[in-house]
Each structure stands twice: as C-alpha cells, then as structure tokens.
Amino acid sequence: MATLTGNAINTSYSGLLKTTDNGALTATAKVMTDGLGNNSTLQMGTAGAIFTGTLDLTGATVTGLPSGSAGLENGTGTDSLQSASSLTTVAANAAGNDSIALGDSASATRADSIAIGNGATNDSLNQLLLTTTATTFGVGDIAIGNALNTFTAATNLTMLVVQLFGRCSS
C-alpha cells in the first residue's frame with residue numbers, strides 16, 4: 001500500500017481522492033475526484049455510494065444481497081433464467097437448457113424456449129411465447145397475446161398470421 005510519508009505535497013496531491021467541493025462527506029453523495037479535479041465514476045456520502053459507468057466485478061465475490069434482489073434467478077436448466085420466486089405468487093419454471101421464464105407461473109421446460117407472462121407455458125423447442133394462454137404450434141414458433149387477442153408467427157411453416165382483434169389460427 002502506498003504511503004504519503006516522505007512525499008512532497010506538490011508531487012503527490014494529484015493522486016489523492018477528494019470530494020468535488022473539497023468538503024467533508026455528508027448524507028448527500030458527492031462525486032469523488034482526483035487532486036487535479038478529474039471526476040471519477042464514484043459518488044460517496046455518509047448515506048451510501050453511487051456508481052455510474054461500468055463496474056467490473058470479475059473475480060469478485062459479492063455478499064449481502066437478498067435473494068432475487070434483481071428480480072431474476074437461475075432456473076434449473078443449464079444457462080436458464082427465471083423470475084425470482086419472491087416476486088411471484090406461483091414460481092416461474094425455467095427447466096429447459098438455455099430457457100427463460102418470466103412472470104407468475106410462467107414455464108419454459110424445453111431447450112431454447114421462452115415464456116413471458118402470467119401463466120405462459122412453453123414446452124416446445126426453440127419457441128417464444130409472450131403473455132397469458134397464447135399458443136405455439138411447432139418448432140421455432142412465436143406466439144404473442146392471450147386467448148382473445150393473439151399474434152402468431154409460425155416460422156417453421158414460413159407463414160405469418162396477424163390478427164389484432166380476435167383469435168388467430170393457422
């Protein structure tokens with residue numbers, strides 16, 4: 001660790017950190033600068049700290065965060081992601097490898113499947129399902145809507161059906 005002992009002020013002040021107003025920390029966060037006045041990406045105060053820009057935590061261990069603090073957690077499938085159970089009434093289920101399940105009771109159980117919305121269930125390979133009770137028809141399909149208003153893109157059939165009001169079928 002560097003020391004200030006034996007260093008002249010005029011040759012070392014530029015490497016010191018200070019507040020923008022040269023004052024003591026207060027409850028309001030202040031931008032931290034170097035001795036030459038260059039702003040850092042850190043703001044500090046007695047009530048907390050704020051980072052702007054990129055914060056690289058590669059190789060770091062972060063502790064003290066509550067479970068599901070970002071609203072997302074690992075699913076049971078390899079490289080899968082799901083809504084944090086603490087945010088939903090019925091837990092989301094991302095059991096498929098590389099799957100995503102977001103929303104109350106959303107379920108993506110097959111590889112490369114995505115289910116987003118309340119009760120959205122996607123158990124087909126390579127499909128995207130958005131919102132409640134939408135239905136997909138085959139590999140690579142996209143379904144957006146609910147039982148009354150549905151948009152379906154059946155990509156495996158190279159067909160696109162769009163209906164803004166009412167239910168679509170192919």
# chains A, B, ... in the order shown; residues from 1 in each chain; ligands from 1
>>> select_by_dssp(residues="stretch 2-63 of chain A", states="helix (DSSP H, G or I)", output="MDAnalysis selection string")
chainID A and resid 9:15
>>> residues_around(residues="A:Met44", least_positions_apart="2", cutoff="9 Å", atoms="only C-alpha atoms", output="ChimeraX atom specification")
/A:19,25-32,42,46-51
>>> residues_around(residues="A:Thr76", least_positions_apart="4", cutoff="8 Å", atoms="only C-alpha atoms", output="mmCIF file with C-alpha atoms, in the first residue's frame")
data_model
loop_
_atom_site.group_PDB
_atom_site.id
_atom_site.type_symbol
_atom_site.label_atom_id
_atom_site.label_comp_id
_atom_site.auth_asym_id
_atom_site.auth_seq_id
_atom_site.Cartn_x
_atom_site.Cartn_y
_atom_site.Cartn_z
ATOM 1 C CA SER A 80 -31.510 -20.672 -17.823
ATOM 2 C CA ASN A 93 -40.054 -22.553 -14.077
ATOM 3 C CA ALA A 94 -37.108 -22.340 -16.484
ATOM 4 C CA ALA A 95 -36.253 -26.043 -16.598
ATOM 5 C CA GLY A 96 -35.107 -26.216 -20.217
#
>>> residues_around(residues="A:Asn38", least_positions_apart="3", cutoff="10 Å", atoms="only C-alpha atoms", output="JSON, numbers by chain")
{"A": [14, 17, 20, 31, 32, 33, 34, 35]}
